[in-house]
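Student: Got a structure for you, entry_30.cif, holding mmCIF, C-alpha atoms.
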```
data_upload
#
loop_
_atom_site.label_atom_id
_atom_site.label_comp_id
_atom_site.auth_asym_id
_atom_site.auth_seq_id
_atom_site.Cartn_x
_atom_site.Cartn_y
_atom_site.Cartn_z
CA MET A 1 -21.81 -17.39 -103.15
CA ALA A 2 -24.10 -17.54 -100.13
CA THR A 3 -24.86 -21.06 -98.99
CA ALA A 4 -28.49 -22.09 -98.91
CA PRO A 5 -29.61 -22.69 -95.29
CA LYS A 6 -29.81 -26.31 -94.24
CA GLU A 7 -31.83 -27.86 -91.49
CA GLY A 8 -30.44 -26.69 -88.16
CA ASN A 9 -29.37 -28.60 -85.10
CA LEU A 10 -31.72 -30.96 -83.35
CA GLN A 11 -29.25 -31.11 -80.46
CA ALA A 12 -28.00 -28.60 -77.90
CA PRO A 13 -25.08 -26.44 -79.11
CA THR A 14 -21.63 -27.89 -78.45
CA ARG A 15 -18.74 -25.59 -77.60
CA TYR A 16 -15.20 -26.52 -78.61
CA PRO A 17 -12.11 -25.26 -76.72
CA VAL A 18 -10.49 -22.06 -77.95
CA ASN A 19 -7.11 -23.23 -79.19
CA TRP A 20 -5.38 -19.89 -78.67
CA LYS A 21 -2.04 -21.41 -77.70
CA ASP A 22 -1.67 -22.79 -81.25
CA PRO A 23 0.27 -20.34 -83.51
CA GLU A 24 -2.23 -21.13 -86.29
CA PHE A 25 -4.86 -19.33 -84.18
CA PHE A 26 -3.10 -16.05 -85.07
CA ASN A 27 -2.39 -16.90 -88.70
CA GLU A 28 -3.83 -14.03 -90.73
CA ASP A 29 -4.67 -16.04 -93.86
CA ALA A 30 -6.35 -18.80 -91.83
CA LEU A 31 -8.33 -16.26 -89.82
CA TYR A 32 -9.65 -14.38 -92.85
CA LYS A 33 -10.49 -17.63 -94.62
CA GLU A 34 -12.60 -18.73 -91.62
CA MET A 35 -14.23 -15.30 -91.37
CA ALA A 36 -15.19 -15.49 -95.05
CA ARG A 37 -16.62 -19.00 -94.57
CA ILE A 38 -18.77 -18.10 -91.57
CA PHE A 39 -19.78 -14.69 -92.97
CA ASP A 40 -21.03 -16.49 -96.08
CA HIS A 41 -23.25 -18.79 -94.03
CA CYS A 42 -24.54 -15.84 -91.97
CA HIS A 43 -25.31 -13.90 -95.16
CA GLY A 44 -27.34 -16.84 -96.44
CA CYS A 45 -29.36 -17.09 -93.23
CA ARG A 46 -29.67 -13.59 -91.69
CA ARG A 47 -31.59 -14.90 -88.69
CA CYS A 48 -29.50 -12.78 -86.28
CA ILE A 49 -30.19 -9.44 -88.00
CA SER A 50 -31.88 -7.94 -84.92
CA LEU A 51 -29.46 -9.13 -82.24
CA CYS A 52 -26.70 -6.53 -82.41
CA GLN A 53 -24.94 -4.19 -84.82
CA SER A 54 -22.42 -6.79 -86.09
CA PHE A 55 -24.93 -8.45 -88.38
CA PRO A 56 -26.40 -5.30 -90.00
CA VAL A 57 -22.84 -4.11 -90.65
CA LEU A 58 -21.95 -7.46 -92.24
CA PHE A 59 -25.06 -7.62 -94.39
CA ASP A 60 -24.67 -4.00 -95.53
CA LEU A 61 -21.09 -4.75 -96.57
CA VAL A 62 -22.33 -7.71 -98.59
CA ASP A 63 -25.31 -5.92 -100.15
CA GLU A 64 -23.21 -2.92 -101.13
CA SER A 65 -20.36 -5.00 -102.61
CA PRO A 66 -19.93 -5.42 -106.40
CA THR A 67 -21.01 -9.09 -106.29
CA MET A 68 -23.58 -8.72 -103.48
CA GLU A 69 -21.87 -11.75 -101.94
CA VAL A 70 -19.16 -12.13 -99.29
CA ASP A 71 -16.51 -12.60 -101.98
CA GLY A 72 -17.14 -9.01 -103.04
CA VAL A 73 -16.39 -7.56 -99.59
CA ASP A 74 -12.91 -6.10 -99.09
CA LYS A 75 -11.23 -8.14 -96.36
CA LYS A 76 -9.98 -5.00 -94.67
CA ASP A 77 -13.64 -4.26 -93.89
CA TYR A 78 -14.10 -7.52 -91.98
CA MET A 79 -12.92 -5.81 -88.79
CA LYS A 80 -15.86 -3.42 -89.00
CA VAL A 81 -18.00 -6.42 -88.09
CA VAL A 82 -15.65 -7.33 -85.25
CA ASP A 83 -15.84 -3.78 -83.86
CA GLN A 84 -19.56 -4.22 -83.22
CA CYS A 85 -19.34 -7.56 -81.39
CA TYR A 86 -19.27 -7.44 -77.59
CA LEU A 87 -19.32 -11.23 -77.08
CA CYS A 88 -22.81 -11.38 -75.58
CA ASP A 89 -23.00 -14.97 -76.93
CA LEU A 90 -26.71 -14.72 -77.75
CA CYS A 91 -26.28 -15.60 -81.42
CA PHE A 92 -24.57 -18.86 -80.50
CA MET A 93 -26.80 -19.84 -77.58
CA THR A 94 -30.24 -18.65 -78.66
CA LYS A 95 -30.41 -17.92 -82.40
CA CYS A 96 -28.00 -19.80 -84.63
CA PRO A 97 -29.23 -23.20 -85.89
CA TYR A 98 -25.84 -24.08 -87.37
CA THR A 99 -23.72 -24.35 -84.22
CA PRO A 100 -21.79 -27.58 -83.56
CA PRO A 101 -22.55 -30.46 -83.91
CA HIS A 102 -24.01 -29.12 -87.20
CA GLU A 103 -21.55 -29.69 -90.06
CA TRP A 104 -21.21 -25.95 -90.66
CA ASN A 105 -19.65 -25.61 -87.19
CA ILE A 106 -20.53 -21.95 -86.66
CA ASP A 107 -19.38 -20.25 -83.47
CA PHE A 108 -19.67 -16.58 -84.37
CA PRO A 109 -18.68 -15.15 -80.93
CA HIS A 110 -15.49 -17.18 -80.75
CA LEU A 111 -14.65 -16.23 -84.35
CA MET A 112 -14.97 -12.61 -83.22
CA LEU A 113 -12.81 -13.40 -80.19
CA ARG A 114 -10.14 -14.84 -82.47
CA ALA A 115 -10.22 -11.70 -84.63
CA LYS A 116 -9.99 -9.47 -81.56
CA ALA A 117 -7.05 -11.51 -80.26
CA PHE A 118 -5.33 -11.31 -83.65
CA ARG A 119 -5.75 -7.55 -83.76
CA PHE A 120 -4.57 -7.13 -80.16
CA LYS A 121 -1.47 -9.21 -80.83
CA LYS A 122 -0.66 -6.91 -83.78
CA GLY A 123 -0.89 -3.93 -81.44
CA GLU A 124 -3.96 -2.50 -83.16
CA VAL A 125 -5.73 -1.35 -80.00
CA ARG A 126 -6.47 2.11 -78.62
CA LYS A 127 -5.00 3.34 -75.34
CA ARG A 128 -8.54 4.17 -74.23
CA ASP A 129 -9.59 0.53 -74.57
CA LYS A 130 -6.61 -0.65 -72.53
CA ILE A 131 -7.59 1.82 -69.80
CA LEU A 132 -11.30 0.95 -69.81
CA THR A 133 -10.55 -2.78 -69.51
CA SER A 134 -8.05 -2.32 -66.67
CA THR A 135 -10.88 -2.26 -64.15
CA ASP A 136 -8.83 -3.17 -61.07
CA THR A 137 -6.23 -0.47 -61.72
CA VAL A 138 -8.85 2.20 -62.48
CA GLY A 139 -10.89 1.18 -59.42
CA LYS A 140 -7.92 1.35 -57.07
CA LEU A 141 -6.77 4.73 -58.37
CA ALA A 142 -10.23 6.28 -58.59
CA GLY A 143 -11.13 4.97 -55.14
CA ILE A 144 -8.28 6.68 -53.28
CA PRO A 145 -9.77 8.94 -50.56
CA ILE A 146 -10.12 12.59 -51.68
CA ILE A 147 -9.31 11.58 -55.27
CA VAL A 148 -12.58 9.62 -55.34
CA ASN A 149 -14.55 12.81 -54.71
CA PHE A 150 -12.83 14.55 -57.63
CA VAL A 151 -13.38 11.55 -59.94
CA ASN A 152 -17.08 11.26 -59.11
CA ALA A 153 -17.62 15.01 -59.47
CA SER A 154 -15.77 15.03 -62.80
CA ASN A 155 -17.88 12.19 -64.13
CA LYS A 156 -20.98 14.32 -63.47
CA ASN A 157 -19.54 17.49 -64.99
CA SER A 158 -20.71 17.96 -68.59
CA GLY A 159 -17.74 20.13 -69.52
CA ILE A 160 -15.17 17.60 -68.31
CA ARG A 161 -17.11 14.75 -69.92
CA LYS A 162 -16.98 16.56 -73.29
CA VAL A 163 -13.22 16.91 -72.94
CA LEU A 164 -12.95 13.18 -72.18
CA GLU A 165 -15.00 12.44 -75.28
CA LYS A 166 -12.67 14.49 -77.48
CA THR A 167 -9.44 13.20 -75.95
CA LEU A 168 -10.19 9.60 -75.01
CA GLY A 169 -13.34 8.78 -76.98
CA ILE A 170 -15.49 8.13 -73.88
CA SER A 171 -19.02 9.30 -74.68
CA ALA A 172 -20.13 12.36 -72.74
CA ARG A 173 -23.68 10.97 -72.73
CA ALA A 174 -22.86 7.53 -71.35
CA TYR A 175 -23.52 6.50 -67.77
CA VAL A 176 -20.28 6.15 -65.82
CA PRO A 177 -20.51 4.45 -62.39
CA GLU A 178 -19.41 6.09 -59.17
CA TYR A 179 -16.32 4.90 -57.33
CA HIS A 180 -16.04 4.18 -53.62
CA SER A 181 -13.03 4.40 -51.32
CA ASN A 182 -14.89 2.33 -48.72
CA THR A 183 -14.94 -0.74 -50.95
CA PHE A 184 -17.08 -3.79 -50.40
CA ARG A 185 -13.98 -5.76 -49.42
CA LYS A 186 -13.10 -3.17 -46.75
CA GLN A 187 -16.65 -3.27 -45.41
CA GLN A 188 -16.65 -7.04 -45.17
CA VAL A 189 -13.42 -7.16 -43.13
CA ASN A 190 -15.35 -5.99 -40.08
CA HIS A 191 -18.42 -8.07 -40.87
CA SER A 192 -19.37 -10.57 -38.19
CA GLY A 193 -21.83 -12.99 -39.73
CA LEU A 194 -22.60 -16.67 -39.45
CA SER A 195 -19.76 -19.10 -38.85
CA ALA A 196 -18.98 -21.77 -41.42
CA GLU A 197 -19.95 -24.45 -38.91
CA MET A 198 -23.55 -23.20 -39.08
CA ALA A 199 -23.93 -24.22 -42.74
CA LYS A 200 -26.90 -26.37 -43.67
CA PRO A 201 -25.95 -28.51 -46.67
CA GLY A 202 -28.53 -29.41 -49.29
CA GLU A 203 -28.54 -31.97 -52.08
CA LYS A 204 -26.46 -29.81 -54.47
CA THR A 205 -25.37 -26.94 -52.22
CA ASN A 206 -22.98 -26.95 -49.28
CA GLY A 207 -24.90 -24.15 -47.60
CA LYS A 208 -21.96 -21.78 -47.22
CA VAL A 209 -20.88 -19.24 -49.83
CA ALA A 210 -17.54 -17.76 -50.80
CA LEU A 211 -18.33 -14.52 -52.58
CA PHE A 212 -16.22 -13.34 -55.51
CA ALA A 213 -16.92 -9.63 -55.10
CA THR A 214 -15.85 -8.61 -58.65
CA CYS A 215 -14.13 -5.31 -59.43
CA TYR A 216 -17.50 -3.65 -60.12
CA GLY A 217 -19.07 -4.92 -56.89
CA ASN A 218 -15.99 -3.96 -54.93
CA TYR A 219 -15.27 -0.45 -56.27
CA ASN A 220 -18.48 0.76 -57.91
CA GLU A 221 -21.55 -0.68 -56.21
CA PRO A 222 -20.69 -2.24 -52.84
CA ALA A 223 -24.34 -1.98 -51.76
CA VAL A 224 -25.20 -4.92 -54.05
CA GLY A 225 -22.63 -7.06 -52.24
CA ARG A 226 -23.97 -5.98 -48.86
CA ASP A 227 -27.51 -6.86 -49.90
CA MET A 228 -26.35 -10.25 -51.14
CA VAL A 229 -24.68 -11.01 -47.82
CA ALA A 230 -27.80 -9.88 -45.94
CA VAL A 231 -30.10 -12.12 -48.03
CA LEU A 232 -27.83 -15.16 -47.78
CA GLU A 233 -27.33 -14.83 -44.03
CA HIS A 234 -31.06 -14.29 -43.51
CA ASN A 235 -31.37 -17.74 -45.08
CA ASP A 236 -28.81 -19.16 -42.61
CA ILE A 237 -26.05 -19.32 -45.23
CA PRO A 238 -22.60 -18.30 -43.92
CA VAL A 239 -20.74 -15.95 -46.27
CA THR A 240 -17.07 -15.18 -46.64
CA LEU A 241 -15.01 -13.35 -49.23
CA VAL A 242 -12.53 -15.17 -51.40
CA GLU A 243 -9.11 -14.55 -49.84
CA LYS A 244 -7.83 -12.54 -52.81
CA GLU A 245 -9.11 -11.63 -56.23
CA GLN A 246 -8.60 -9.44 -59.23
CA CYS A 247 -10.78 -8.78 -62.28
CA CYS A 248 -12.30 -12.00 -63.63
CA GLY A 249 -10.80 -11.19 -67.05
CA MET A 250 -13.99 -10.60 -69.04
CA PRO A 251 -13.06 -7.01 -70.05
CA LYS A 252 -9.68 -8.22 -71.30
CA LEU A 253 -11.38 -11.11 -73.12
CA GLU A 254 -13.60 -8.63 -74.96
CA LEU A 255 -10.46 -6.70 -75.91
CA GLY A 256 -8.76 -9.84 -77.20
CA ASP A 257 -5.97 -9.62 -74.61
CA LEU A 258 -5.84 -13.34 -73.83
CA GLU A 259 -2.50 -13.19 -72.06
CA SER A 260 -3.97 -10.79 -69.48
CA VAL A 261 -6.90 -13.19 -69.11
CA GLU A 262 -4.39 -15.90 -68.24
CA VAL A 263 -2.66 -13.64 -65.71
CA ALA A 264 -6.00 -13.02 -63.98
CA LYS A 265 -6.81 -16.72 -64.10
CA ASN A 266 -3.53 -17.54 -62.39
CA VAL A 267 -4.45 -15.24 -59.49
CA ASN A 268 -8.14 -16.07 -59.14
CA VAL A 269 -8.42 -19.78 -59.80
CA PRO A 270 -6.02 -21.01 -57.06
CA ALA A 271 -7.82 -18.85 -54.48
CA LEU A 272 -11.24 -20.03 -55.66
CA ALA A 273 -10.17 -23.67 -55.88
CA ALA A 274 -8.93 -23.49 -52.28
CA MET A 275 -12.40 -22.34 -51.20
CA VAL A 276 -13.99 -25.23 -53.12
CA ASP A 277 -11.62 -27.69 -51.42
CA ALA A 278 -12.74 -26.25 -48.08
CA GLY A 279 -16.37 -26.95 -48.94
CA TRP A 280 -17.57 -23.50 -50.01
CA ASP A 281 -19.99 -22.80 -52.86
CA LEU A 282 -18.97 -19.93 -55.16
CA ILE A 283 -21.11 -16.94 -56.18
CA SER A 284 -20.53 -13.68 -58.04
CA PRO A 285 -23.00 -10.74 -58.15
CA VAL A 286 -22.23 -9.96 -61.82
CA PRO A 287 -23.39 -12.39 -64.58
CA SER A 288 -20.38 -11.66 -66.81
CA CYS A 289 -17.98 -12.73 -64.06
CA THR A 290 -19.97 -15.88 -63.36
CA LEU A 291 -19.98 -16.69 -67.10
CA MET A 292 -16.23 -16.15 -67.25
CA PHE A 293 -15.56 -18.82 -64.63
CA ARG A 294 -18.26 -21.22 -65.77
CA GLN A 295 -17.75 -21.10 -69.53
CA GLU A 296 -14.96 -18.99 -70.97
CA LEU A 297 -12.05 -20.05 -68.76
CA PRO A 298 -12.81 -23.78 -69.19
CA LEU A 299 -12.82 -23.25 -72.97
CA LEU A 300 -9.59 -21.24 -72.90
CA PHE A 301 -7.83 -23.65 -70.53
CA PRO A 302 -9.50 -27.03 -71.14
CA ASP A 303 -6.70 -29.07 -69.53
CA ASP A 304 -6.61 -27.10 -66.26
CA THR A 305 -8.28 -29.26 -63.62
CA GLU A 306 -8.45 -26.39 -61.14
CA VAL A 307 -10.38 -24.28 -63.66
CA LYS A 308 -12.83 -27.14 -64.11
CA LYS A 309 -13.22 -27.54 -60.36
CA VAL A 310 -14.04 -23.85 -59.95
CA ALA A 311 -16.49 -23.89 -62.88
CA GLU A 312 -18.44 -26.77 -61.37
CA ALA A 313 -18.75 -25.00 -58.01
CA PHE A 314 -19.82 -21.61 -59.39
CA PHE A 315 -23.46 -20.47 -59.13
CA ASP A 316 -25.47 -17.54 -60.36
CA PRO A 317 -26.93 -15.96 -57.18
CA PHE A 318 -30.55 -16.67 -58.02
CA GLU A 319 -29.70 -20.10 -59.39
CA TYR A 320 -28.28 -20.77 -55.93
CA LEU A 321 -31.32 -19.41 -54.11
CA ALA A 322 -33.65 -21.39 -56.39
CA GLN A 323 -31.71 -24.56 -55.59
CA ARG A 324 -31.98 -23.82 -51.87
CA LYS A 325 -35.74 -23.41 -52.34
CA LYS A 326 -35.84 -26.79 -54.08
CA GLU A 327 -33.96 -28.26 -51.13
CA GLY A 328 -36.48 -26.76 -48.71
CA LEU A 329 -33.90 -24.38 -47.25
CA LEU A 330 -35.03 -20.96 -48.52
CA LYS A 331 -37.10 -18.73 -46.25
CA THR A 332 -40.22 -17.06 -47.62
CA ASP A 333 -40.96 -14.90 -44.57
CA PHE A 334 -41.40 -11.75 -46.65
CA LYS A 335 -42.56 -8.65 -44.78
CA SER A 336 -42.62 -5.85 -47.34
CA VAL A 337 -44.50 -5.26 -50.58
CA VAL A 338 -42.43 -4.81 -53.74
CA GLY A 339 -45.27 -4.29 -56.19
CA LYS A 340 -44.82 -4.01 -59.94
CA VAL A 341 -41.38 -4.89 -61.35
CA SER A 342 -39.89 -4.65 -64.84
CA TYR A 343 -37.17 -7.29 -64.95
CA HIS A 344 -34.48 -7.21 -67.65
CA VAL A 345 -32.71 -10.55 -68.14
CA ALA A 346 -29.00 -9.89 -68.70
CA CYS A 347 -27.49 -11.54 -71.79
CA HIS A 348 -24.61 -13.12 -69.88
CA GLN A 349 -27.10 -14.74 -67.55
CA ARG A 350 -29.37 -15.97 -70.34
CA VAL A 351 -26.55 -17.76 -72.13
CA GLN A 352 -25.71 -19.79 -69.02
CA ASN A 353 -28.84 -21.84 -69.72
CA ILE A 354 -29.96 -21.92 -66.11
CA GLY A 355 -33.53 -20.86 -66.83
CA PRO A 356 -35.44 -17.88 -65.38
CA LYS A 357 -34.21 -18.38 -61.83
CA THR A 358 -34.27 -14.69 -60.87
CA ARG A 359 -37.90 -14.41 -61.94
CA ASP A 360 -38.76 -17.66 -60.17
CA VAL A 361 -37.30 -16.54 -56.84
CA LEU A 362 -38.74 -13.02 -57.02
CA SER A 363 -42.13 -14.60 -57.82
CA LEU A 364 -42.15 -16.02 -54.30
CA ILE A 365 -42.74 -12.48 -52.98
CA PRO A 366 -46.49 -12.09 -52.33
CA ASP A 367 -48.47 -9.86 -54.72
CA ILE A 368 -45.46 -9.09 -56.92
CA GLU A 369 -46.08 -8.41 -60.63
CA ILE A 370 -43.10 -9.16 -62.89
CA ASP A 371 -42.77 -8.14 -66.52
CA THR A 372 -39.82 -10.17 -67.84
CA ILE A 373 -37.86 -8.60 -70.72
CA GLU A 374 -35.51 -10.96 -72.58
CA ARG A 375 -33.71 -8.52 -74.83
CA CYS A 376 -30.22 -7.04 -74.85
CA SER A 377 -29.70 -3.77 -72.99
CA GLY A 378 -26.99 -2.74 -75.45
CA HIS A 379 -24.41 -1.77 -72.81
CA ASP A 380 -22.21 -4.86 -72.80
CA GLY A 381 -18.97 -3.96 -71.10
CA THR A 382 -17.16 -1.03 -72.71
CA TYR A 383 -19.40 -0.91 -75.79
CA GLY A 384 -21.93 1.40 -74.13
CA VAL A 385 -19.39 4.03 -73.08
CA LYS A 386 -17.33 4.40 -76.27
CA ALA A 387 -18.13 7.51 -78.28
CA GLU A 388 -18.27 5.60 -81.58
CA THR A 389 -20.65 2.89 -80.32
CA PHE A 390 -22.77 4.71 -77.73
CA ASP A 391 -25.57 5.52 -80.18
CA PHE A 392 -25.71 1.87 -81.24
CA ALA A 393 -25.85 0.85 -77.57
CA VAL A 394 -28.82 3.16 -77.08
CA LYS A 395 -30.50 1.87 -80.24
CA ILE A 396 -30.17 -1.73 -79.04
CA GLY A 397 -31.39 -0.93 -75.53
CA ARG A 398 -34.22 1.44 -76.41
CA PRO A 399 -36.88 -1.29 -76.91
CA VAL A 400 -36.13 -2.48 -73.36
CA ALA A 401 -36.35 1.05 -71.99
CA ASN A 402 -39.61 1.65 -73.88
CA ARG A 403 -41.10 -1.50 -72.37
CA ILE A 404 -40.07 -0.36 -68.88
CA LYS A 405 -41.60 3.06 -69.48
CA LYS A 406 -44.84 1.55 -70.76
CA ASN A 407 -45.10 -0.79 -67.78
CA GLU A 408 -44.76 2.07 -65.23
CA PRO A 409 -43.23 -0.24 -62.60
CA ASP A 410 -42.50 0.47 -58.96
CA TYR A 411 -39.01 -0.88 -59.66
CA PHE A 412 -36.99 -1.82 -62.71
CA THR A 413 -34.18 -4.29 -62.33
CA SER A 414 -31.50 -6.26 -64.14
CA ASP A 415 -29.17 -9.05 -63.07
CA CYS A 416 -26.39 -6.92 -64.57
CA PRO A 417 -26.01 -3.68 -62.55
CA ILE A 418 -24.30 -1.82 -65.40
CA ALA A 419 -27.03 -2.82 -67.87
CA GLY A 420 -29.60 -1.51 -65.41
CA HIS A 421 -27.91 1.89 -65.20
CA HIS A 422 -27.57 2.06 -68.99
CA LEU A 423 -31.32 1.50 -69.28
CA GLY A 424 -31.92 4.20 -66.67
CA ASN A 425 -29.78 6.53 -68.77
CA ILE A 426 -31.87 5.76 -71.86
CA LEU A 427 -35.09 6.40 -69.92
CA GLY A 428 -33.73 9.88 -69.19
CA ASP A 429 -35.99 10.54 -66.20
CA ASN A 430 -33.36 10.21 -63.45
CA SER A 431 -34.73 6.81 -62.50
CA THR A 432 -32.27 4.22 -61.22
CA PRO A 433 -32.37 0.42 -61.21
CA THR A 434 -32.68 -1.71 -58.12
CA HIS A 435 -30.72 -4.94 -58.27
CA PRO A 436 -32.84 -8.13 -57.92
CA ILE A 437 -30.95 -9.13 -54.77
CA SER A 438 -31.77 -5.69 -53.32
CA LEU A 439 -35.44 -6.26 -54.12
CA LEU A 440 -35.24 -9.49 -52.18
CA ARG A 441 -33.68 -7.69 -49.24
CA ILE A 442 -36.48 -5.12 -49.33
CA ALA A 443 -39.10 -7.87 -49.44
CA TYR A 444 -37.53 -9.63 -46.46
CA GLY A 445 -37.71 -6.32 -44.57
CA LEU A 446 -34.07 -6.58 -43.57
CA GLY A 447 -33.35 -2.83 -43.68
CA ASP A 448 -29.81 -1.45 -43.53
CA LYS A 449 -27.28 -2.99 -41.20
#
```
Take the structure in this file and express it as structure tokens.

Tutor:
Amino acid sequence: MATAPKEGNLQAPTRYPVNWKDPEFFNEDALYKEMARIFDHCHGCRRCISLCQSFPVLFDLVDESPTMEVDGVDKKDYMKVVDQCYLCDLCFMTKCPYTPPHEWNIDFPHLMLRAKAFRFKKGEVRKRDKILTSTDTVGKLAGIPIIVNFVNASNKNSGIRKVLEKTLGISARAYVPEYHSNTFRKQQVNHSGLSAEMAKPGEKTNGKVALFATCYGNYNEPAVGRDMVAVLEHNDIPVTLVEKEQCCGMPKLELGDLESVEVAKNVNVPALAAMVDAGWDLISPVPSCTLMFRQELPLLFPDDTEVKKVAEAFFDPFEYLAQRKKEGLLKTDFKSVVGKVSYHVACHQRVQNIGPKTRDVLSLIPDIEIDTIERCSGHDGTYGVKAETFDFAVKIGRPVANRIKKNEPDYFTSDCPIAGHHLGNILGDNSTPTHPISLLRIAYGLGDK
């Protein structure tokens, strides 16, 4: 029977560690019992119906069951709910009133994570999904000179894309990013910027940034990284790249492959911690990567002091710039007009609870008009490229695209580059997003260097 909703939390949500090292975490009976418990509470509330496809699927299963309650749903259908969750975290951070410390102790995203991990451990995962989440491997192979031209041309060829849809289940209509052989990391090797000794510390910032380029920023959109370096150095902030890196682990987290997440952690965290020890602040150009280091890794490895050290030193780019403004260290010598901007707030930035820092910093540009859209784009990692979920991804993102179209902006932008391109694909008018950091570079009049 569905439980009658109680009064929700009067406190901020509390996140408990993910105890994935405990064998009970993968116990099938315990997992399904917890899924039934939380599904029952969700059925009785239904506040999250409009967030994503997981909740409509769950409620349809309940409403179409013999009892019209969760106890009437066949447990083998529970994974249909899991299939629609892309761990955006919005239900936990912005919607659910029954998160801890409420007695119901509902953490829907981490329940979905547990189910994904259980299924992965059983080997119930498609080869396509393993490939799509191996972003470093795909980026390195696709970025090989000469091969990169073939890959990019193939991704634009409708005939080849239809074959990929039939064979691998990658939607022929989805946006697929370009690959670059001249990666951001290669470009930065020859970069001669400000020296670390030129840093100007503030109250909460050290004034020098170690940039975690991310696999997407490195292989797919190096221009975003270049623009970030240009903006930071214009503000007298020395920038360096982390000595070595691989994927942050978020794609593997969404797959439920927690052991691969740990492998990535063991490569990235020592390198990042060494930069923190040397006095560098940490930044990533992709919200999902920042969230991984700030939230997910500390919950997966709560006893790792190096993980905690890295989490405390990690900033969202515009959170960092906003803090520098607060410290009186951000330049506002803007030279170019940006005009009217439709700004989509990425889910993985929203759930970091840092406030509208991107909007706040962009608002410093004279005569700018910003329409802020706080709604999911629907792309969310691999969800927006899979043949079976692409239409749902478009359905979720269409209200955002419609708002952009109605606003008729000079630019549309998103903190998440992939979300921005997905929205451009939905718009269907060949328009492309401009990253917020690129808008800032334009406003500063920095040009290409």

Student: On this structure, the PyMOL selection byres ((chain A and resi 39) around 10) would catch which residues? List them as a VMD selection string, sorted by chain and number.

Tutor: chain A and resid 2 33 to 38 40 to 45 55 58 to 59 62 69 to 71 78 81 106 108

Student: Hey, what's within 12 Å of Thr183 of chain A if we count only C-alpha atoms and toss same-chain stuff fewer than 5 positions away? As a PyMOL selection string, please?

Tutor: chain A and resi 139-140+142-145+148+178+188-189+213-226

Student: Which neighbours of Tyr383 of chain A fall inside 8 Å, counting all atoms listed in the file, when residues of the same chain fewer than 4 positions from it are skipped, and could you give them as JSON, numbers by chain?

Tutor: {"A": [86, 378, 379, 389, 390, 393]}

Student: Applied to the shown file, which residues does the PyMOL selection byres ((chain A and resi 210) around 12) return, written as an MDAnalysis selection string?

Tutor: chainID A and resid 196 206:209 211:213 225 228:229 232 237:245 271:285 310 313:315 317

Student: Can you measure atom CA of Lys340 of chain A to atom CA of Asn407 of chain A for me? One decimal in Å is fine.

Tutor: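 Between atom CA of Lys340 of chain A and atom CA of Asn407 of chain A the gap is 8.5 Å.
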
Student: Measure the distance from atom CA of Glu64 of chain A to atom CA of Val82 of chain A in Å and round it to one decimal.

Tutor: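 Distance between the two atoms: 18.1 Å.
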
Student: Sorted by chain and rising residue number, list the residues of segment 282-379 of chain A at most 7 Å from segment 10-30 of chain A (counting only C-alpha atoms), each with its closest atom pair and distance in Å to one decimal, as a Markdown table.

Tutor:
```
| residue | atom | partner | partner_atom | distance |
| --- | --- | --- | --- | --- |
| A:Leu299 | CA | A:Pro17 | CA | 4.3 |
| A:Leu300 | CA | A:Val18 | CA | 5.2 |
| A:Pro302 | CA | A:Pro17 | CA | 6.4 |
```

Student: I need the residues from that last selection saved to file as a PDB file, in the frame of the given file (with C-alpha atoms), if you can.

Tutor:
```pdb
ATOM      1  CA  LEU A 299     -12.820 -23.250 -72.970  1.00  0.00           C
ATOM      2  CA  LEU A 300      -9.590 -21.240 -72.900  1.00  0.00           C
ATOM      3  CA  PRO A 302      -9.500 -27.030 -71.140  1.00  0.00           C
TER       4      PRO A 302
END
```

Student: Compile the contact shell of Val263 of chain A as a PDB file with C-alpha atoms, in the frame of the given file: residues with an atom at most 12 Å away, counting only C-alpha atoms, same-chain residues fewer than 2 positions apart removed.

Tutor:
```pdb
ATOM      1  CA  GLU A 245      -9.110 -11.630 -56.230  1.00  0.00           C
ATOM      2  CA  GLN A 246      -8.600  -9.440 -59.230  1.00  0.00           C
ATOM      3  CA  CYS A 247     -10.780  -8.780 -62.280  1.00  0.00           C
ATOM      4  CA  CYS A 248     -12.300 -12.000 -63.630  1.00  0.00           C
ATOM      5  CA  GLY A 249     -10.800 -11.190 -67.050  1.00  0.00           C
ATOM      6  CA  LYS A 252      -9.680  -8.220 -71.300  1.00  0.00           C
ATOM      7  CA  LEU A 253     -11.380 -11.110 -73.120  1.00  0.00           C
ATOM      8  CA  ASP A 257      -5.970  -9.620 -74.610  1.00  0.00           C
ATOM      9  CA  LEU A 258      -5.840 -13.340 -73.830  1.00  0.00           C
ATOM     10  CA  GLU A 259      -2.500 -13.190 -72.060  1.00  0.00           C
ATOM     11  CA  SER A 260      -3.970 -10.790 -69.480  1.00  0.00           C
ATOM     12  CA  VAL A 261      -6.900 -13.190 -69.110  1.00  0.00           C
ATOM     13  CA  LYS A 265      -6.810 -16.720 -64.100  1.00  0.00           C
ATOM     14  CA  ASN A 266      -3.530 -17.540 -62.390  1.00  0.00           C
ATOM     15  CA  VAL A 267      -4.450 -15.240 -59.490  1.00  0.00           C
ATOM     16  CA  ASN A 268      -8.140 -16.070 -59.140  1.00  0.00           C
ATOM     17  CA  VAL A 269      -8.420 -19.780 -59.800  1.00  0.00           C
ATOM     18  CA  PRO A 270      -6.020 -21.010 -57.060  1.00  0.00           C
ATOM     19  CA  LEU A 297     -12.050 -20.050 -68.760  1.00  0.00           C
TER      20      LEU A 297
END
```

Student: Please compute the atom CA of Ile365 of chain A-atom CA of Pro409 of chain A distance, one decimal, in Å.

Tutor: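 Computing it gives 15.6 Å between the two atoms.
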
Student: What lies within 7 Å of Asp227 of chain A using all atoms listed in the file, ignoring chain neighbours under 3 positions off, as an MDAnalysis selection string?

Tutor: chainID A and resid 223:224 230:231 437:438 441
